[in-house]
$ cat protein05.cif   # mmCIF, C-alpha atoms
data_run
#
loop_
_atom_site.label_atom_id
_atom_site.label_comp_id
_atom_site.auth_asym_id
_atom_site.auth_seq_id
_atom_site.Cartn_x
_atom_site.Cartn_y
_atom_site.Cartn_z
CA MET L 1 0.00 0.00 0.00
CA ARG L 2 2.82 2.32 0.96
CA TYR L 3 4.72 1.53 -2.25
CA ARG L 4 1.58 2.13 -4.27
CA SER L 5 1.14 5.56 -2.69
CA VAL L 6 4.77 6.45 -3.43
CA LEU L 7 4.33 5.28 -7.04
CA LEU L 8 1.16 7.32 -7.47
CA PHE L 9 2.84 10.36 -5.93
CA GLY L 10 5.80 9.99 -8.34
CA LEU L 11 3.49 9.64 -11.33
CA ALA L 12 1.54 12.71 -10.22
CA ILE L 13 4.77 14.75 -10.08
CA ILE L 14 5.82 13.56 -13.56
CA ALA L 15 2.36 14.33 -14.96
CA GLY L 16 2.46 17.78 -13.35
CA LEU L 17 5.88 18.57 -14.83
CA ALA L 18 4.73 17.35 -18.25
CA ALA L 19 1.65 19.58 -18.01
CA VAL L 20 3.76 22.63 -17.09
CA LEU L 21 6.15 21.99 -20.02
CA ALA L 22 3.27 21.45 -22.44
CA TYR L 23 1.60 24.66 -21.25
CA GLN L 24 4.82 26.62 -21.74
CA GLU L 25 5.31 25.15 -25.21
CA LEU L 26 1.74 25.83 -26.33
CA GLY L 27 1.57 29.23 -24.69
CA GLN L 28 4.52 30.59 -26.63
CA SER L 29 3.51 32.90 -29.44
CA TYR L 30 4.98 32.37 -32.89
CA THR L 31 8.40 33.89 -33.45
CA PHE L 32 8.88 35.23 -36.95
CA LYS L 33 12.11 34.15 -38.58
CA GLY L 34 12.61 37.29 -40.63
CA SER L 35 13.90 40.67 -39.55
CA MET L 36 10.73 42.40 -38.37
CA ILE L 37 10.03 46.05 -38.99
CA GLU L 38 8.45 47.55 -35.89
CA PRO L 39 5.96 48.99 -36.22
CA PRO L 40 5.19 47.79 -39.75
CA LEU L 41 5.52 50.51 -42.39
CA PRO L 42 3.09 51.01 -45.26
CA ALA L 43 4.85 49.52 -48.28
CA GLU L 44 5.62 52.17 -50.88
CA ASP L 45 3.21 51.77 -53.78
CA PHE L 46 4.49 51.47 -57.35
CA THR L 47 3.33 50.54 -60.80
CA LEU L 48 5.62 48.53 -63.06
CA TYR L 49 5.11 46.14 -65.98
CA ASP L 50 5.16 42.36 -65.82
CA GLN L 51 6.49 39.83 -68.33
CA GLN L 52 3.20 40.03 -70.26
CA ASN L 53 3.66 43.80 -70.43
CA GLU L 54 0.63 44.24 -68.16
CA PRO L 55 0.75 46.91 -65.46
CA PHE L 56 1.25 45.65 -61.92
CA ARG L 57 0.32 47.96 -59.08
CA LEU L 58 1.33 46.99 -55.58
CA ILE L 59 -1.71 48.51 -53.90
CA ASP L 60 -3.97 46.20 -55.95
CA GLN L 61 -2.49 43.22 -54.12
CA ARG L 62 -4.12 44.11 -50.78
CA GLY L 63 -5.61 41.05 -49.17
CA GLU L 64 -2.69 38.91 -50.29
CA VAL L 65 0.87 38.53 -49.11
CA VAL L 66 3.60 39.79 -51.43
CA LEU L 67 7.20 38.60 -51.44
CA ILE L 68 9.53 40.87 -53.39
CA PHE L 69 13.07 40.24 -54.58
CA PHE L 70 15.22 42.62 -56.61
CA GLY L 71 17.53 40.92 -59.10
CA TYR L 72 18.36 40.43 -62.77
CA THR L 73 18.13 37.57 -65.21
CA HIS L 74 21.86 37.48 -66.10
CA CYS L 75 22.74 37.07 -62.42
CA PRO L 76 24.99 34.03 -61.99
CA ASP L 77 24.38 33.22 -58.34
CA VAL L 78 22.06 34.95 -55.86
CA CYS L 79 19.07 35.56 -58.16
CA PRO L 80 18.62 32.01 -59.50
CA LEU L 81 18.98 30.69 -55.95
CA THR L 82 16.35 33.10 -54.65
CA LEU L 83 13.98 32.26 -57.52
CA ALA L 84 14.48 28.58 -56.70
CA ASP L 85 13.64 29.50 -53.07
CA PHE L 86 10.43 31.18 -54.29
CA LYS L 87 9.48 27.95 -56.02
CA GLN L 88 10.25 25.99 -52.87
CA ILE L 89 8.28 28.37 -50.63
CA LYS L 90 5.33 28.05 -53.00
CA ALA L 91 5.53 24.26 -52.79
CA GLU L 92 5.70 24.35 -48.99
CA LEU L 93 2.68 26.62 -48.76
CA GLY L 94 0.60 24.27 -50.89
CA ALA L 95 -2.90 25.57 -51.60
CA GLU L 96 -2.22 28.69 -49.51
CA ALA L 97 0.33 29.80 -52.11
CA GLY L 98 -2.57 31.04 -54.22
CA ARG L 99 -2.82 33.98 -51.79
CA VAL L 100 0.83 34.92 -52.19
CA ASN L 101 2.35 37.02 -54.98
CA PHE L 102 5.96 36.18 -55.71
CA VAL L 103 7.47 39.28 -57.30
CA PHE L 104 10.82 39.74 -59.01
CA ILE L 105 11.83 43.33 -59.83
CA THR L 106 14.72 43.85 -62.16
CA VAL L 107 17.81 45.87 -61.32
CA ASP L 108 18.93 45.61 -64.95
CA PRO L 109 16.17 47.17 -67.09
CA GLU L 110 18.39 47.50 -70.15
CA ARG L 111 18.64 43.73 -70.61
CA ASP L 112 15.56 42.51 -68.74
CA THR L 113 12.86 43.07 -71.32
CA PRO L 114 9.42 41.52 -70.74
CA ASP L 115 10.27 38.71 -73.18
CA ARG L 116 13.56 38.01 -71.46
CA LEU L 117 11.81 38.02 -68.07
CA ALA L 118 9.12 35.62 -69.31
CA GLU L 119 11.72 33.27 -70.73
CA HIS L 120 13.76 33.36 -67.52
CA MET L 121 10.81 32.85 -65.16
CA ALA L 122 9.73 29.82 -67.18
CA ASN L 123 12.91 28.15 -65.91
CA PHE L 124 11.61 28.47 -62.35
CA ASP L 125 7.89 29.15 -62.17
CA PRO L 126 5.98 31.15 -64.78
CA ALA L 127 3.64 32.33 -62.01
CA ILE L 128 6.42 34.48 -60.54
CA ILE L 129 5.59 38.06 -61.44
CA ALA L 130 8.66 39.60 -63.05
CA LEU L 131 8.56 43.37 -63.25
CA THR L 132 10.41 45.93 -65.24
CA GLY L 133 9.96 49.52 -66.30
CA ASP L 134 12.10 52.42 -67.38
CA ARG L 135 15.15 53.18 -65.31
CA VAL L 136 13.68 56.31 -63.73
CA GLU L 137 10.59 54.44 -62.53
CA LEU L 138 12.71 51.59 -61.25
CA GLU L 139 15.15 53.86 -59.47
CA THR L 140 12.24 55.37 -57.55
CA VAL L 141 11.19 51.88 -56.43
CA TRP L 142 14.75 50.86 -55.59
CA LYS L 143 15.17 53.97 -53.46
CA ALA L 144 11.86 53.40 -51.65
CA TYR L 145 12.96 49.89 -50.70
CA GLY L 146 16.56 50.76 -49.89
CA VAL L 147 17.88 48.76 -52.82
CA TYR L 148 21.42 49.23 -54.01
CA ALA L 149 22.02 48.44 -57.70
CA ALA L 150 25.16 49.29 -59.67
CA LYS L 151 26.84 47.80 -62.70
CA ALA L 152 30.04 46.04 -61.68
CA GLU L 153 33.29 46.46 -63.53
CA ALA L 154 33.94 42.74 -63.70
CA ALA L 155 32.41 41.25 -66.83
CA SER L 156 30.92 37.79 -67.16
CA ALA L 157 30.38 35.58 -70.21
CA SER L 158 26.89 37.05 -70.49
CA GLY L 159 28.08 40.65 -70.30
CA TYR L 160 28.35 42.91 -67.27
CA LEU L 161 27.33 42.00 -63.74
CA VAL L 162 25.19 44.06 -61.40
CA ASP L 163 25.94 44.43 -57.70
CA HIS L 164 22.64 44.58 -55.89
CA THR L 165 20.77 44.13 -52.66
CA THR L 166 19.82 40.53 -52.05
CA ARG L 167 17.16 40.68 -49.36
CA VAL L 168 13.57 39.47 -49.76
CA TYR L 169 10.73 41.73 -48.59
CA ALA L 170 7.46 40.44 -47.11
CA ILE L 171 4.39 42.65 -47.39
CA ASP L 172 1.28 41.56 -45.53
CA ALA L 173 -2.37 41.58 -46.60
CA ASN L 174 -2.78 45.14 -45.26
CA GLY L 175 -0.04 46.39 -47.55
CA ASP L 176 2.43 46.85 -44.71
CA LEU L 177 6.09 46.05 -45.02
CA ARG L 178 6.50 43.52 -42.25
CA MET L 179 9.75 41.67 -42.70
CA THR L 180 12.92 41.29 -44.67
CA TYR L 181 15.05 38.18 -45.11
CA ALA L 182 18.77 38.15 -45.63
CA PHE L 183 20.02 36.05 -48.53
CA GLY L 184 20.46 32.49 -47.38
CA THR L 185 17.41 32.37 -45.10
CA GLU L 186 15.93 28.91 -45.46
CA SER L 187 12.86 28.71 -47.66
CA GLU L 188 11.12 26.65 -44.97
CA ALA L 189 11.52 29.51 -42.47
CA ILE L 190 10.13 32.05 -44.95
CA ALA L 191 7.23 29.72 -45.78
CA GLN L 192 6.37 29.41 -42.08
CA ASP L 193 6.37 33.19 -41.69
CA VAL L 194 4.24 33.65 -44.79
CA ALA L 195 1.77 31.04 -43.51
CA HIS L 196 1.44 33.06 -40.29
CA LEU L 197 0.98 36.30 -42.22
CA LEU L 198 -1.77 34.62 -44.23
CA ALA L 199 -3.45 33.48 -41.02
CA GLU L 200 -3.61 37.02 -39.63
CA LYS L 201 -6.89 38.86 -39.88
CA PRO L 202 -6.57 41.85 -42.21
CA SER L 203 -7.32 45.12 -40.44
CA GLN L 204 -10.23 47.25 -41.65
CA GLN L 205 -8.84 50.06 -43.78
CA MET U 1 16.02 -16.66 -4.64
CA ILE U 2 17.61 -13.47 -3.30
CA ASP U 3 16.90 -12.59 0.27
CA LYS U 4 14.37 -9.76 0.65
CA ASN U 5 16.55 -8.14 3.29
CA ILE U 6 19.53 -8.10 0.97
CA LEU U 7 17.40 -6.46 -1.72
CA ARG U 8 16.12 -3.89 0.75
CA SER U 9 19.62 -3.09 2.03
CA GLY U 10 20.88 -2.84 -1.55
CA ALA U 11 18.09 -0.46 -2.54
CA LYS U 12 18.73 1.64 0.55
CA ARG U 13 22.45 1.81 -0.17
CA LEU U 14 21.80 2.68 -3.83
CA LEU U 15 19.44 5.46 -2.76
CA VAL U 16 22.00 6.92 -0.37
CA LEU U 17 24.74 6.70 -3.01
CA PHE U 18 22.41 8.34 -5.54
CA GLY U 19 21.99 11.24 -3.15
CA ILE U 20 25.74 11.50 -2.61
CA SER U 21 26.35 11.30 -6.36
CA LEU U 22 23.79 14.00 -7.03
CA ALA U 23 25.48 16.30 -4.53
CA ALA U 24 28.97 15.50 -5.86
CA VAL U 25 28.04 15.98 -9.54
CA TRP U 26 26.20 19.18 -8.74
CA LEU U 27 29.18 20.52 -6.79
CA VAL U 28 31.70 19.65 -9.53
CA SER U 29 29.39 20.99 -12.25
CA GLU U 30 28.79 24.29 -10.49
CA VAL U 31 32.49 24.78 -9.67
CA ALA U 32 33.39 24.06 -13.32
CA PHE U 33 30.64 26.37 -14.53
CA GLY U 34 31.82 29.09 -12.15
CA LEU U 35 35.43 28.75 -13.30
CA GLN U 36 34.68 28.56 -17.02
CA ARG U 37 31.74 30.89 -17.12
CA GLU U 38 31.74 33.21 -20.08
CA LYS U 39 29.92 36.41 -20.88
CA HIS U 40 27.48 34.65 -23.19
CA ASP U 41 26.42 32.14 -20.52
CA ARG U 42 23.16 33.88 -19.84
CA PRO U 43 19.51 33.51 -20.79
CA PRO U 44 18.41 35.04 -24.12
CA GLN U 45 17.70 38.75 -23.97
CA HIS U 46 17.01 41.80 -26.12
CA VAL U 47 20.19 43.44 -27.42
CA ASN U 48 19.42 47.02 -28.34
CA LEU U 49 21.48 49.08 -30.75
CA VAL U 50 20.84 52.63 -31.88
CA ILE U 51 22.05 54.19 -35.11
CA PRO U 52 22.16 57.89 -34.27
CA ALA U 53 21.06 60.68 -36.58
CA GLY U 54 23.80 61.88 -38.89
CA THR U 55 25.54 58.48 -39.10
CA PHE U 56 25.38 58.36 -42.89
CA GLU U 57 27.01 61.78 -43.22
CA ARG U 58 29.71 60.84 -40.74
CA VAL U 59 30.52 57.60 -42.56
CA GLU U 60 30.54 59.39 -45.92
CA ALA U 61 32.92 62.00 -44.48
CA GLY U 62 35.21 59.25 -43.18
CA GLN U 63 34.46 60.09 -39.57
CA PRO U 64 33.99 57.45 -36.88
CA ALA U 65 30.65 55.66 -36.98
CA PRO U 66 28.73 54.40 -33.91
CA SER U 67 30.93 52.19 -31.81
CA ILE U 68 29.71 48.71 -32.70
CA PRO U 69 32.31 45.96 -32.50
CA GLU U 70 33.12 44.19 -35.77
CA GLU U 71 32.42 40.85 -34.04
CA MET U 72 29.30 40.59 -31.96
CA ILE U 73 28.60 37.61 -29.72
CA PHE U 74 25.01 36.63 -29.09
CA VAL U 75 23.22 33.87 -27.27
CA LEU U 76 20.87 31.61 -29.14
CA GLY U 77 17.40 33.13 -28.78
CA ASP U 78 18.63 36.72 -28.36
CA THR U 79 16.61 39.39 -30.10
CA LEU U 80 18.70 41.95 -31.92
CA VAL U 81 16.79 45.23 -31.92
CA VAL U 82 18.14 48.03 -34.09
CA LYS U 83 16.68 51.51 -33.94
CA ASN U 84 17.57 53.75 -36.84
CA GLU U 85 17.42 57.43 -35.92
CA ASP U 86 19.23 58.41 -39.09
CA SER U 87 17.58 59.90 -42.17
CA VAL U 88 18.66 57.04 -44.46
CA ASP U 89 18.09 53.27 -44.36
CA HIS U 90 20.77 51.17 -42.71
CA GLN U 91 21.82 47.57 -42.87
CA LEU U 92 23.21 45.88 -39.80
CA GLY U 93 23.98 42.36 -40.84
CA PRO U 94 20.71 40.55 -41.48
CA VAL U 95 18.67 43.45 -40.14
CA TRP U 96 17.58 46.14 -42.59
CA VAL U 97 16.17 49.21 -40.87
CA PRO U 98 14.34 51.89 -42.83
CA ALA U 99 15.09 55.49 -41.83
CA GLY U 100 13.41 56.52 -38.59
CA SER U 101 12.24 52.99 -37.94
CA GLN U 102 13.12 49.98 -35.82
CA ALA U 103 13.71 46.37 -36.79
CA SER U 104 14.35 43.24 -34.80
CA LEU U 105 15.51 39.72 -35.46
CA VAL U 106 15.40 36.68 -33.20
CA LEU U 107 18.67 34.79 -33.59
CA GLU U 108 17.62 31.17 -33.75
CA GLN U 109 20.48 29.48 -35.54
CA PRO U 110 23.86 29.03 -33.86
CA GLY U 111 26.91 29.78 -35.97
CA LYS U 112 29.25 32.45 -37.22
CA TYR U 113 27.91 34.79 -39.86
CA ALA U 114 29.56 37.48 -41.96
CA TYR U 115 27.30 40.25 -43.15
CA SER U 116 27.56 43.61 -44.79
CA CYS U 117 27.04 46.64 -42.61
CA SER U 118 26.24 50.09 -43.92
CA PHE U 119 28.03 51.97 -41.18
CA GLN U 120 31.10 49.98 -40.26
CA PRO U 121 34.30 51.49 -41.69
CA ASN U 122 35.07 48.24 -43.56
CA ARG U 123 31.39 47.52 -44.33
CA TYR U 124 31.71 44.16 -42.59
CA LEU U 125 29.96 42.79 -39.53
CA GLY U 126 30.47 39.42 -37.94
CA LEU U 127 27.76 37.80 -35.85
CA ASP U 128 28.61 34.91 -33.59
CA VAL U 129 25.52 33.18 -32.23
CA ARG U 130 26.36 30.70 -29.49
CA LYS U 131 24.44 28.25 -27.41
CA ALA U 132 24.49 29.47 -23.84
CA THR U 133 25.23 27.24 -20.88
CA THR U 134 21.97 27.69 -19.03
CA TRP U 135 20.40 25.83 -16.11
CA VAL U 136 18.91 23.40 -18.66
CA THR U 137 22.41 22.47 -19.86
CA ARG U 138 23.56 22.00 -16.29
CA ALA U 139 20.46 20.03 -15.35
CA THR U 140 21.02 17.77 -18.37
CA ALA U 141 24.60 17.14 -17.27
CA LEU U 142 23.36 16.41 -13.78
CA GLY U 143 20.75 14.00 -15.11
CA LEU U 144 23.26 12.15 -17.24
CA ALA U 145 26.19 11.98 -14.82
CA THR U 146 24.38 11.26 -11.55
CA PRO U 147 22.94 7.79 -12.36
CA ALA U 148 26.25 6.70 -13.88
CA LEU U 149 28.26 7.82 -10.85
CA ALA U 150 25.70 6.33 -8.45
CA PHE U 151 25.89 2.98 -10.21
CA PHE U 152 29.69 3.05 -10.22
CA LEU U 153 29.84 3.88 -6.49
CA PHE U 154 27.29 1.18 -5.78
CA VAL U 155 29.31 -1.50 -7.55
CA TYR U 156 32.50 -0.22 -5.88
CA SER U 157 30.80 -0.30 -2.48
CA LEU U 158 29.77 -3.91 -3.06
CA VAL U 159 33.41 -4.81 -3.60
CA LEU U 160 34.54 -2.95 -0.51
CA ARG U 161 31.66 -3.95 1.71
CA PRO U 162 29.37 -6.68 0.39
CA ILE U 163 25.81 -6.70 1.67
CA GLN U 164 25.48 -9.45 4.30
CA PRO U 165 22.30 -11.28 5.22
CA LYS U 166 20.92 -9.95 8.50
CA ALA U 167 21.96 -11.61 11.73
CA VAL U 168 18.30 -12.51 12.42
CA SER U 169 18.21 -14.98 9.58
CA ASP U 170 21.57 -16.45 10.75
CA GLN U 171 20.17 -17.06 14.22
CA HIS U 172 17.05 -18.53 12.70
CA SER U 173 19.06 -21.05 10.72
CA GLU U 174 21.05 -22.17 13.78
#
$ encode --input "protein05.cif" --output "structure tokens"
Amino acid sequence: MRYRSVLLFGLAIIAGLAAVLAYQELGQSYTFKGSMIEPPLPAEDFTLYDQQNEPFRLIDQRGEVVLIFFGYTHCPDVCPLTLADFKQIKAELGAEAGRVNFVFITVDPERDTPDRLAEHMANFDPAIIALTGDRVELETVWKAYGVYAAKAEAASASGYLVDHTTRVYAIDANGDLRMTYAFGTESEAIAQDVAHLLAEKPSQQ
Amino acid sequence: MIDKNILRSGAKRLLVLFGISLAAVWLVSEVAFGLQREKHDRPPQHVNLVIPAGTFERVEAGQPAPSIPEEMIFVLGDTLVVKNEDSVDHQLGPVWVPAGSQASLVLEQPGKYAYSCSFQPNRYLGLDVRKATTWVTRATALGLATPALAFFLFVYSLVLRPIQPKAVSDQHSE
């Protein structure tokens, strides 16, 4: 009888500890993996042209999450990797990916024509929205998003290279700039963040 | 069939040795922790940095920028909070901060990272994210070492002083 009481007491302690740990685990709010902008800033609106030469206005995407990357199609390293990440994020989001716009904005408007953009996106996912415009329009967008873009002296087999910012921007359904991701952030982490942004209730505006 | 009294004495001895082992391991662990304790052996916390107004102009003019070490050591789970009071955007490693804004990043992956930094003289910033030695680490060590030491001491004690059947049973057999 005594041993039974001791056993029950021990089990009760273990169950209590397990309950406390489970409560702590469940009670923790989600931690975003990206670099969060606090408080979120309204994302600067812009209108550029996609690979079908159709105008794309950022403000029209309200209600959906937008991921933006600035790059160029002749890029030998960072851009193809990030576009591959976009494809991976889309796969990880599954059906929810339909509420996400994956946007690629060129930093090389001279070579990135709509046709060239369409051809290049087909290598990854034709649903990625690739935007271009004239240099003046693009420079305004680059400046608004703190993007650095400059032709590099070193030439590659495909012509000149462009040094540029490599971060990915996440804009929520309210049109607020919420997060940025440094190059190399795992696609799984970004997908988790995007899934949480999609789960948020849009504020009434 | 093993005598019940022998089993009871053995269990009692094992329990006592477990207690001694627990105390000994805890003592050694705490002394070692105290001697080898480093600055990053702390719970995760918010690390706040401020980029003062006029930083961009100072960097452009070749003047000293805010005093941020080129190598920064963090604990896993730290939140790096960067407030940008300057009139231009700044990049501090993985954290991009628009002008007049604040950005934060929870450091969840241990490792050494090299990033660009918009206001370091050499435009480089190293982040070292380390796992801290917290009470969980020490408790884990305690949990792993104590049973092993207790078992070792128990076996050793059996060699030195074997458990004898109680005198009562001897008298009974006479």
$ interface_residues --input "protein05.cif" --of "chain L" --to "chain U" --cutoff "12 Å" --atoms "only C-alpha atoms" --output "MDAnalysis selection string"
chainID L and resid 30:44 142:148 165:169 177:186 189
$ resolve_selection --input "protein05.cif" --expression "the PyMOL selection byres ((chain U and resi 54) around 10)" --output "PyMOL selection string"
chain U and resi 51-53+55-59+65+85-88
$ residues_around --input "protein05.cif" --residues "stretch 136-144 of chain U" --least-positions-apart "5" --cutoff "12 Å" --atoms "only C-alpha atoms" --output "PyMOL selection string"
chain U and resi 18-19+21-34+41-43+131+149-151
$ write_last_selection --input "protein05.cif" --atoms "C-alpha atoms" --output "mmCIF file, in the frame of the given file"
data_model
loop_
_atom_site.group_PDB
_atom_site.id
_atom_site.type_symbol
_atom_site.label_atom_id
_atom_site.label_comp_id
_atom_site.auth_asym_id
_atom_site.auth_seq_id
_atom_site.Cartn_x
_atom_site.Cartn_y
_atom_site.Cartn_z
ATOM 1 C CA PHE U 18 22.410 8.340 -5.540
ATOM 2 C CA GLY U 19 21.990 11.240 -3.150
ATOM 3 C CA SER U 21 26.350 11.300 -6.360
ATOM 4 C CA LEU U 22 23.790 14.000 -7.030
ATOM 5 C CA ALA U 23 25.480 16.300 -4.530
ATOM 6 C CA ALA U 24 28.970 15.500 -5.860
ATOM 7 C CA VAL U 25 28.040 15.980 -9.540
ATOM 8 C CA TRP U 26 26.200 19.180 -8.740
ATOM 9 C CA LEU U 27 29.180 20.520 -6.790
ATOM 10 C CA VAL U 28 31.700 19.650 -9.530
ATOM 11 C CA SER U 29 29.390 20.990 -12.250
ATOM 12 C CA GLU U 30 28.790 24.290 -10.490
ATOM 13 C CA VAL U 31 32.490 24.780 -9.670
ATOM 14 C CA ALA U 32 33.390 24.060 -13.320
ATOM 15 C CA PHE U 33 30.640 26.370 -14.530
ATOM 16 C CA GLY U 34 31.820 29.090 -12.150
ATOM 17 C CA ASP U 41 26.420 32.140 -20.520
ATOM 18 C CA ARG U 42 23.160 33.880 -19.840
ATOM 19 C CA PRO U 43 19.510 33.510 -20.790
ATOM 20 C CA LYS U 131 24.440 28.250 -27.410
ATOM 21 C CA LEU U 149 28.260 7.820 -10.850
ATOM 22 C CA ALA U 150 25.700 6.330 -8.450
ATOM 23 C CA PHE U 151 25.890 2.980 -10.210
#
$ resolve_selection --input "protein05.cif" --expression "the PyMOL selection byres ((chain L and resi 132-140) around 8)" --output "PDB file with C-alpha atoms, in the coordinates of the input"
ATOM      1  CA  LEU L  48       5.620  48.530 -63.060  1.00  0.00           C
ATOM      2  CA  TYR L  49       5.110  46.140 -65.980  1.00  0.00           C
ATOM      3  CA  ASP L  50       5.160  42.360 -65.820  1.00  0.00           C
ATOM      4  CA  GLN L  51       6.490  39.830 -68.330  1.00  0.00           C
ATOM      5  CA  ILE L 105      11.830  43.330 -59.830  1.00  0.00           C
ATOM      6  CA  THR L 106      14.720  43.850 -62.160  1.00  0.00           C
ATOM      7  CA  VAL L 107      17.810  45.870 -61.320  1.00  0.00           C
ATOM      8  CA  PRO L 109      16.170  47.170 -67.090  1.00  0.00           C
ATOM      9  CA  ASP L 112      15.560  42.510 -68.740  1.00  0.00           C
ATOM     10  CA  THR L 113      12.860  43.070 -71.320  1.00  0.00           C
ATOM     11  CA  PRO L 114       9.420  41.520 -70.740  1.00  0.00           C
ATOM     12  CA  ALA L 130       8.660  39.600 -63.050  1.00  0.00           C
ATOM     13  CA  LEU L 131       8.560  43.370 -63.250  1.00  0.00           C
ATOM     14  CA  VAL L 141      11.190  51.880 -56.430  1.00  0.00           C
ATOM     15  CA  TRP L 142      14.750  50.860 -55.590  1.00  0.00           C
ATOM     16  CA  LYS L 143      15.170  53.970 -53.460  1.00  0.00           C
ATOM     17  CA  ALA L 144      11.860  53.400 -51.650  1.00  0.00           C
TER      18      ALA L 144
END
$ closest_residue --input "protein05.cif" --among "L:Asn101, L:Asn123, L:Gln61, L:Thr47" --to "L:Ala84" --atoms "all atoms listed in the file"
L:Asn123
$ atom_distance --input "protein05.cif" --atom1 "atom CA of L:Phe69" --atom2 "atom CA of U:Gly126"
24.1 Å
$ atom_distance --input "protein05.cif" --atom1 "atom CA of L:Phe46" --atom2 "atom CA of L:His120"
22.7 Å
$ resolve_selection --input "protein05.cif" --expression "the PyMOL selection byres ((chain L and resi 199) around 12)" --output "number ranges by chain"
L: 30, 63-65, 96, 99, 172-173, 192-198, 200-202
$ closest_residue --input "protein05.cif" --among "U:Leu92, U:Ala61, U:Val75, U:Ile6" --to "U:His40" --atoms "only C-alpha atoms"
U:Val75
$ build_atoms --input "protein05.cif" --residues "stretch 86-91 of chain U" --atoms "all heavy atoms" --output "PDB file, in the coordinates of the input"
ATOM      1  N   ASP U  86      18.633  57.660 -37.980  1.00  0.00           N
ATOM      2  CA  ASP U  86      19.230  58.410 -39.090  1.00  0.00           C
ATOM      3  C   ASP U  86      18.170  58.696 -40.156  1.00  0.00           C
ATOM      4  O   ASP U  86      17.071  58.136 -40.121  1.00  0.00           O
ATOM      5  CB  ASP U  86      20.378  57.578 -39.682  1.00  0.00           C
ATOM      6  CG  ASP U  86      21.413  58.455 -40.368  1.00  0.00           C
ATOM      7  OD1 ASP U  86      21.239  59.686 -40.389  1.00  0.00           O
ATOM      8  OD2 ASP U  86      22.402  57.896 -40.897  1.00  0.00           O
ATOM      9  N   SER U  87      18.543  59.539 -41.114  1.00  0.00           N
ATOM     10  CA  SER U  87      17.580  59.900 -42.170  1.00  0.00           C
ATOM     11  C   SER U  87      17.685  59.005 -43.392  1.00  0.00           C
ATOM     12  O   SER U  87      16.990  59.225 -44.377  1.00  0.00           O
ATOM     13  CB  SER U  87      17.803  61.367 -42.568  1.00  0.00           C
ATOM     14  OG  SER U  87      19.156  61.544 -42.943  1.00  0.00           O
ATOM     15  N   VAL U  88      18.563  58.018 -43.345  1.00  0.00           N
ATOM     16  CA  VAL U  88      18.660  57.040 -44.460  1.00  0.00           C
ATOM     17  C   VAL U  88      18.543  55.620 -43.899  1.00  0.00           C
ATOM     18  O   VAL U  88      18.769  55.391 -42.710  1.00  0.00           O
ATOM     19  CB  VAL U  88      19.994  57.173 -45.241  1.00  0.00           C
ATOM     20  CG1 VAL U  88      20.135  58.529 -45.888  1.00  0.00           C
ATOM     21  CG2 VAL U  88      21.185  56.903 -44.327  1.00  0.00           C
ATOM     22  N   ASP U  89      18.193  54.683 -44.779  1.00  0.00           N
ATOM     23  CA  ASP U  89      18.090  53.270 -44.360  1.00  0.00           C
ATOM     24  C   ASP U  89      19.474  52.746 -43.981  1.00  0.00           C
ATOM     25  O   ASP U  89      20.477  53.195 -44.530  1.00  0.00           O
ATOM     26  CB  ASP U  89      17.561  52.407 -45.516  1.00  0.00           C
ATOM     27  CG  ASP U  89      16.247  52.921 -46.060  1.00  0.00           C
ATOM     28  OD1 ASP U  89      15.578  53.685 -45.350  1.00  0.00           O
ATOM     29  OD2 ASP U  89      15.902  52.553 -47.197  1.00  0.00           O
ATOM     30  N   HIS U  90      19.490  51.795 -43.070  1.00  0.00           N
ATOM     31  CA  HIS U  90      20.770  51.170 -42.710  1.00  0.00           C
ATOM     32  C   HIS U  90      20.629  49.663 -42.669  1.00  0.00           C
ATOM     33  O   HIS U  90      19.538  49.117 -42.448  1.00  0.00           O
ATOM     34  CB  HIS U  90      21.259  51.673 -41.351  1.00  0.00           C
ATOM     35  CG  HIS U  90      21.943  52.991 -41.427  1.00  0.00           C
ATOM     36  ND1 HIS U  90      23.199  53.151 -41.974  1.00  0.00           N
ATOM     37  CD2 HIS U  90      21.551  54.244 -41.056  1.00  0.00           C
ATOM     38  CE1 HIS U  90      23.548  54.426 -41.923  1.00  0.00           C
ATOM     39  NE2 HIS U  90      22.562  55.116 -41.373  1.00  0.00           N
ATOM     40  N   GLN U  91      21.765  49.027 -42.891  1.00  0.00           N
ATOM     41  CA  GLN U  91      21.820  47.570 -42.870  1.00  0.00           C
ATOM     42  C   GLN U  91      22.793  47.157 -41.781  1.00  0.00           C
ATOM     43  O   GLN U  91      23.958  47.559 -41.795  1.00  0.00           O
ATOM     44  CB  GLN U  91      22.335  47.069 -44.233  1.00  0.00           C
ATOM     45  CG  GLN U  91      22.534  45.574 -44.342  1.00  0.00           C
ATOM     46  CD  GLN U  91      21.242  44.862 -44.718  1.00  0.00           C
ATOM     47  OE1 GLN U  91      20.451  45.385 -45.478  1.00  0.00           O
ATOM     48  NE2 GLN U  91      21.046  43.675 -44.182  1.00  0.00           N
TER      49      GLN U  91
END
